[in-house]
file data23.cif (mmCIF, C-alpha atoms)
data_coords
#
loop_
_atom_site.label_atom_id
_atom_site.label_comp_id
_atom_site.auth_asym_id
_atom_site.auth_seq_id
_atom_site.Cartn_x
_atom_site.Cartn_y
_atom_site.Cartn_z
CA MET A 5 -21.89 -13.61 -22.85
CA ILE A 6 -24.59 -11.82 -20.85
CA ALA A 7 -27.80 -11.94 -22.81
CA SER A 8 -29.62 -9.17 -20.97
CA THR A 9 -29.62 -7.12 -17.83
CA THR A 10 -32.58 -8.96 -16.34
CA ALA A 11 -31.05 -12.38 -16.94
CA ALA A 12 -27.73 -11.35 -15.44
CA LEU A 13 -29.17 -9.98 -12.22
CA PRO A 14 -30.66 -12.05 -9.39
CA PRO A 15 -34.44 -11.61 -8.89
CA GLU A 16 -34.03 -9.36 -5.84
CA ALA A 17 -31.95 -6.84 -7.78
CA THR A 18 -35.01 -5.28 -9.45
CA THR A 19 -38.57 -4.53 -8.40
CA ALA A 20 -41.69 -5.40 -10.36
CA ALA A 21 -41.74 -1.86 -11.75
CA GLY A 22 -38.11 -2.15 -12.80
CA SER A 23 -36.82 0.30 -10.18
CA LYS A 24 -33.98 -0.51 -7.83
CA PRO A 25 -34.72 -1.39 -4.21
CA ARG A 26 -33.38 0.80 -1.43
CA SER A 27 -30.33 -1.45 -0.88
CA GLU A 28 -29.35 -1.01 -4.55
CA GLN A 29 -29.86 2.75 -4.41
CA SER A 30 -27.56 3.38 -1.44
CA ALA A 31 -24.14 4.73 -2.28
CA VAL A 32 -21.07 2.51 -2.49
CA PHE A 33 -17.91 3.74 -0.76
CA THR A 34 -15.37 3.41 -3.55
CA GLY A 35 -12.37 3.64 -1.25
CA ILE A 36 -9.28 5.87 -1.18
CA ALA A 37 -6.53 4.93 -3.60
CA GLY A 38 -3.23 4.23 -1.85
CA ALA A 39 -4.66 4.67 1.65
CA SER A 40 -3.37 1.42 3.16
CA ALA A 41 0.08 1.82 1.61
CA GLN A 42 0.30 5.36 2.97
CA ARG A 43 -0.72 4.14 6.43
CA GLU A 44 2.00 1.48 6.33
CA TYR A 45 4.57 4.08 5.32
CA ASP A 46 3.50 6.37 8.17
CA ARG A 47 3.61 3.46 10.64
CA ARG A 48 7.14 2.46 9.65
CA LYS A 49 8.36 6.03 9.59
CA ASP A 50 6.91 6.80 13.02
CA LYS A 51 8.33 3.57 14.47
CA ARG A 52 11.82 4.39 13.18
CA GLU A 53 11.68 7.94 14.49
CA ALA A 54 10.50 6.77 17.91
CA ARG A 55 13.27 4.15 18.10
CA ILE A 56 16.00 6.64 17.20
CA LEU A 57 14.71 9.23 19.69
CA ASP A 58 14.54 6.58 22.43
CA ASP A 59 18.05 5.26 21.69
CA HIS A 60 19.58 8.73 21.32
CA PRO A 61 17.62 11.17 23.50
CA TYR A 62 20.12 14.02 23.05
CA VAL A 63 21.04 13.75 19.37
CA GLY A 64 18.08 11.80 18.00
CA LYS A 65 16.54 14.77 16.20
CA PHE A 66 19.91 15.60 14.66
CA ILE A 67 20.28 12.00 13.42
CA LEU A 68 16.82 12.13 11.86
CA THR A 69 17.66 15.38 10.12
CA LEU A 70 20.75 13.87 8.50
CA SER A 71 19.36 10.44 7.63
CA ASP A 72 16.66 9.18 5.31
CA ASP A 73 14.13 6.43 5.80
CA PRO A 74 15.38 3.04 4.54
CA GLN A 75 14.38 2.06 1.02
CA SER A 76 12.02 -0.60 2.35
CA THR A 77 10.05 2.18 4.07
CA ARG A 78 10.19 4.68 1.21
CA ALA A 79 8.83 1.99 -1.14
CA TRP A 80 5.49 2.17 0.66
CA ALA A 81 5.20 5.91 0.02
CA THR A 82 6.18 5.40 -3.61
CA GLY A 83 3.57 2.68 -4.00
CA ALA A 84 0.91 4.84 -2.39
CA ARG A 85 1.67 7.64 -4.82
CA GLY A 86 1.41 5.29 -7.81
CA GLU A 87 -1.97 4.02 -6.63
CA GLU A 88 -3.17 7.57 -6.02
CA VAL A 89 -2.15 8.75 -9.51
CA LEU A 90 -3.84 5.81 -11.21
CA GLY A 91 -6.89 6.12 -8.95
CA GLN A 92 -7.39 9.73 -9.99
CA ARG A 93 -7.37 8.73 -13.65
CA LEU A 94 -9.82 5.92 -13.01
CA ASP A 95 -12.16 8.28 -11.17
CA ARG A 96 -12.39 10.44 -14.29
CA LEU A 97 -14.08 7.53 -16.06
CA THR A 98 -16.90 7.13 -13.57
CA GLY A 99 -19.30 9.15 -15.72
CA ARG A 100 -18.53 7.04 -18.78
CA GLY A 101 -19.90 3.68 -17.70
CA VAL A 102 -16.94 2.65 -15.54
CA HIS A 103 -17.53 1.85 -11.85
CA VAL A 104 -14.39 1.75 -9.71
CA LEU A 105 -13.23 0.53 -6.32
CA HIS A 106 -9.92 1.47 -4.70
CA ASP A 107 -7.70 -0.19 -2.11
CA ARG A 108 -9.86 -3.20 -1.28
CA ARG A 109 -8.95 -5.66 1.44
CA ILE A 110 -8.70 -9.36 0.65
CA PRO A 111 -10.61 -11.01 3.52
CA ARG A 112 -8.62 -13.03 6.06
CA THR A 113 -5.32 -11.62 4.80
CA ARG A 114 -3.24 -8.46 5.13
CA ALA A 115 -3.14 -8.10 1.35
CA ASN A 116 -5.17 -5.73 -0.77
CA ILE A 117 -6.30 -5.15 -4.35
CA ASP A 118 -5.26 -1.71 -5.61
CA HIS A 119 -8.17 -1.09 -8.00
CA ILE A 120 -11.20 -2.89 -9.41
CA ALA A 121 -13.07 -1.48 -12.41
CA VAL A 122 -16.43 -2.76 -13.64
CA CYS A 123 -17.33 -1.70 -17.17
CA PRO A 124 -19.20 -2.91 -20.28
CA SER A 125 -16.46 -5.39 -21.20
CA GLY A 126 -16.30 -6.97 -17.74
CA VAL A 127 -14.24 -6.62 -14.56
CA PHE A 128 -10.64 -5.42 -14.52
CA VAL A 129 -8.42 -6.14 -11.53
CA ILE A 130 -5.68 -3.51 -11.67
CA ASP A 131 -2.42 -3.57 -9.74
CA ALA A 132 -0.57 -0.23 -9.82
CA LYS A 133 3.24 -0.21 -9.82
CA LYS A 134 5.44 2.88 -9.72
CA TYR A 135 8.89 1.95 -11.00
CA GLN A 136 10.42 5.27 -12.02
CA GLY A 137 12.39 5.15 -15.27
CA ARG A 138 12.60 1.35 -15.60
CA ARG A 139 11.23 -0.48 -18.62
CA PRO A 140 8.97 -3.53 -18.26
CA SER A 141 9.60 -6.26 -20.83
CA LEU A 142 8.74 -9.88 -21.48
CA ARG A 143 11.57 -12.42 -21.60
CA VAL A 144 10.72 -15.76 -23.17
CA ASP A 145 13.05 -18.71 -22.57
CA GLY A 146 12.88 -22.23 -23.95
CA GLY A 147 11.42 -23.37 -27.23
CA LEU A 148 11.73 -26.50 -29.31
CA PHE A 149 13.68 -28.64 -26.86
CA ARG A 150 12.97 -26.94 -23.53
CA PRO A 151 9.73 -25.90 -21.85
CA ARG A 152 8.70 -22.36 -22.76
CA THR A 153 8.78 -19.98 -19.82
CA GLU A 154 7.93 -16.30 -19.54
CA LYS A 155 9.50 -13.78 -17.20
CA LEU A 156 8.37 -10.25 -16.48
CA MET A 157 11.48 -8.11 -16.36
CA VAL A 158 11.54 -4.56 -15.03
CA GLY A 159 14.87 -3.18 -16.07
CA SER A 160 17.25 -5.99 -15.15
CA ARG A 161 15.08 -7.38 -12.32
CA ASP A 162 12.99 -10.52 -12.58
CA CYS A 163 9.55 -9.38 -11.38
CA THR A 164 7.53 -12.41 -12.48
CA LYS A 165 6.11 -12.65 -8.97
CA LEU A 166 4.03 -9.58 -9.81
CA VAL A 167 2.23 -11.59 -12.48
CA ASP A 168 1.68 -14.42 -10.02
CA GLY A 169 0.18 -11.99 -7.53
CA ALA A 170 -2.13 -10.53 -10.17
CA ARG A 171 -3.31 -14.02 -11.13
CA LYS A 172 -4.25 -14.73 -7.50
CA GLN A 173 -6.27 -11.52 -7.34
CA ILE A 174 -8.07 -12.39 -10.58
CA ASP A 175 -8.99 -15.80 -9.18
CA LEU A 176 -10.36 -14.26 -5.98
CA VAL A 177 -12.56 -11.79 -7.86
CA ARG A 178 -13.75 -14.49 -10.24
CA SER A 179 -14.65 -16.74 -7.28
CA ALA A 180 -16.68 -13.92 -5.72
CA LEU A 181 -18.67 -13.58 -8.95
CA GLU A 182 -19.15 -17.33 -9.27
CA ASP A 183 -20.48 -17.51 -5.71
CA ALA A 184 -23.11 -14.94 -6.77
CA ASP A 185 -24.00 -16.87 -9.95
CA LEU A 186 -22.30 -14.26 -12.13
CA GLU A 187 -19.61 -16.49 -13.59
CA GLY A 188 -20.39 -15.34 -17.15
CA ILE A 189 -18.78 -11.93 -16.59
CA PRO A 190 -15.20 -11.74 -17.91
CA VAL A 191 -12.48 -10.94 -15.36
CA ARG A 192 -9.13 -9.60 -16.58
CA GLY A 193 -5.95 -8.57 -14.81
CA VAL A 194 -3.73 -5.57 -15.46
CA LEU A 195 -0.31 -4.66 -14.14
CA CYS A 196 -0.20 -0.90 -14.71
CA PHE A 197 3.26 0.66 -14.46
CA VAL A 198 3.17 4.37 -13.65
CA ASP A 199 6.16 6.48 -14.77
CA ALA A 200 7.96 3.51 -16.32
CA ASP A 201 10.29 3.90 -19.30
CA TRP A 202 7.89 2.82 -22.03
CA PRO A 203 8.95 3.01 -25.72
CA LEU A 204 7.38 5.56 -28.05
CA PHE A 205 5.58 2.84 -30.02
CA GLY A 206 4.15 -0.41 -28.70
CA GLY A 207 5.59 -1.79 -25.51
CA ASP A 208 2.57 -3.31 -23.81
CA PHE A 209 2.29 -7.09 -23.65
CA THR A 210 0.51 -9.96 -21.93
CA SER A 211 2.12 -12.46 -19.56
CA ASP A 212 0.17 -15.48 -18.33
CA GLY A 213 -3.08 -13.74 -19.22
CA VAL A 214 -2.20 -10.52 -17.39
CA GLN A 215 -1.92 -7.31 -19.40
CA VAL A 216 1.21 -5.27 -18.66
CA SER A 217 0.73 -1.67 -19.68
CA TRP A 218 0.76 2.03 -18.74
CA PRO A 219 -2.20 4.11 -17.47
CA LYS A 220 -3.46 5.59 -20.75
CA LYS A 221 -3.28 2.29 -22.61
CA ALA A 222 -4.83 0.31 -19.76
CA LEU A 223 -7.71 2.72 -19.30
CA GLU A 224 -8.55 2.71 -23.01
CA ASN A 225 -9.65 -0.91 -22.63
CA LEU A 226 -12.16 0.05 -19.93
CA LEU A 227 -14.07 2.20 -22.41
CA LYS A 228 -14.52 -0.49 -25.04
CA PRO A 229 -18.04 -1.84 -25.64
CA GLY A 230 -19.00 -5.21 -24.23
CA PRO A 231 -21.83 -7.48 -23.12
CA VAL A 232 -22.32 -6.05 -19.61
CA SER A 233 -25.21 -3.63 -19.24
CA ASP A 234 -24.81 -0.64 -16.93
CA GLU A 235 -27.41 -2.03 -14.53
CA THR A 236 -25.51 -5.29 -14.29
CA ALA A 237 -22.24 -3.39 -13.89
CA ARG A 238 -23.71 -1.45 -10.98
CA HIS A 239 -24.86 -4.65 -9.33
CA VAL A 240 -21.45 -6.29 -9.78
CA HIS A 241 -19.79 -3.13 -8.43
CA ARG A 242 -21.91 -3.32 -5.29
CA LEU A 243 -21.26 -7.05 -4.90
CA LEU A 244 -17.49 -6.65 -5.17
CA ALA A 245 -17.55 -3.68 -2.78
CA SER A 246 -19.13 -6.00 -0.23
CA SER A 247 -16.85 -8.96 -0.99
CA PHE A 248 -13.69 -6.82 -0.79
CA PRO A 249 -14.21 -4.08 1.82
CA PRO A 250 -11.99 -0.99 2.05
CA ALA A 251 -8.50 -1.81 3.27
#
call {"tool": "encode", "arguments": {"input": "data23.cif", "output": "structure tokens"}}
result
Amino acid sequence: MIASTTAALPPEATTAAGSKPRSEQSAVFTGIAGASAQREYDRRKDKREARILDDHPYVGKFILTLSDDPQSTRAWATGARGEEVLGQRLDRLTGRGVHVLHDRRIPRTRANIDHIAVCPSGVFVIDAKKYQGRRPSLRVDGGLFRPRTEKLMVGSRDCTKLVDGARKQIDLVRSALEDADLEGIPVRGVLCFVDADWPLFGGDFTSDGVQVSWPKKALENLLKPGPVSDETARHVHRLLASSFPPA
């Protein structure tokens, strides 16, 4: 629990008069949702087109007209669109006590975090997934005589690795807060499936501490009351923007 704004912030975060110093007043670049995924799609698409034109100088354009990008390339464009859609919905909450970051780079890696939201109930690390028409579900195996295991299924595919990836992102964000003596702020993870085949009633669930949900349901949790004051949320937002720069 965070007892008060003053206790949660380091001494340099406020002035004697209670106003924010210049470094706290400067704007935070929130990032562009889906930007790095779109760049990767463009890179792969351009590389394929250049290769085909080089290999077939006379009929290369004709081949490109009749052929599509491979699925492994199209997946990047699909992912970028899912992040963009969710990012737009998150941006609509910025005037309601929710402070967002999009497409943040994990230092010393090529990986990124799709979205981070700081709100009264804590920090949400949100991974957007766009799996058109497929239903996420939780499969539980084991029981009395075997170890209990959980699997995230999307349609018929075992996608448990998505939960594992979300857990790693949660740990990284939590470590950044702990390094800044803000370990009391809750950090939660969300796998948000855009355009999935969700049932009319219920459907969301939790796997290994990660919420699996759709945009409307996931964003409802960001508006719930909690122990984090808006001043503290703004400070945490700035800290995480620095710890995880734009991808």
call {"tool": "closest_residue", "arguments": {"input": "data23.cif", "among": "A:Thr82, A:Thr69, A:Thr34, A:Ser125", "to": "Gly101 of chain A", "atoms": "all atoms listed in the file"}}
result
A:Ser125
call {"tool": "closest_residue", "arguments": {"input": "data23.cif", "among": "A:Ile130, A:Ala31, A:Ser76, A:Leu57", "to": "Glu44 of chain A", "atoms": "all atoms listed in the file"}}
result
A:Ser76
call {"tool": "closest_residue", "arguments": {"input": "data23.cif", "among": "A:Asp185, A:Asp50, A:Asp73, A:Asp107", "to": "Phe248 of chain A", "atoms": "all atoms listed in the file"}}
result
A:Asp107
call {"tool": "resolve_selection", "arguments": {"input": "data23.cif", "expression": "the PyMOL selection byres ((chain A and resi 190) around 9)", "output": "list in words"}}
result
Met5, Ser125, Gly126, Val127, Phe128, Arg178, Glu187, Gly188, Ile189, Val191 and Arg192 of chain A
call {"tool": "residues_around", "arguments": {"input": "data23.cif", "residues": "Tyr45 of chain A", "least_positions_apart": "3", "cutoff": "9 Å", "atoms": "all atoms listed in the file", "output": "list in words"}}
result
Ser40, Ala41, Gln42, Arg48, Lys49, Asp50, Thr77, Arg78, Ala79, Trp80, Ala81 and Ala84 of chain A
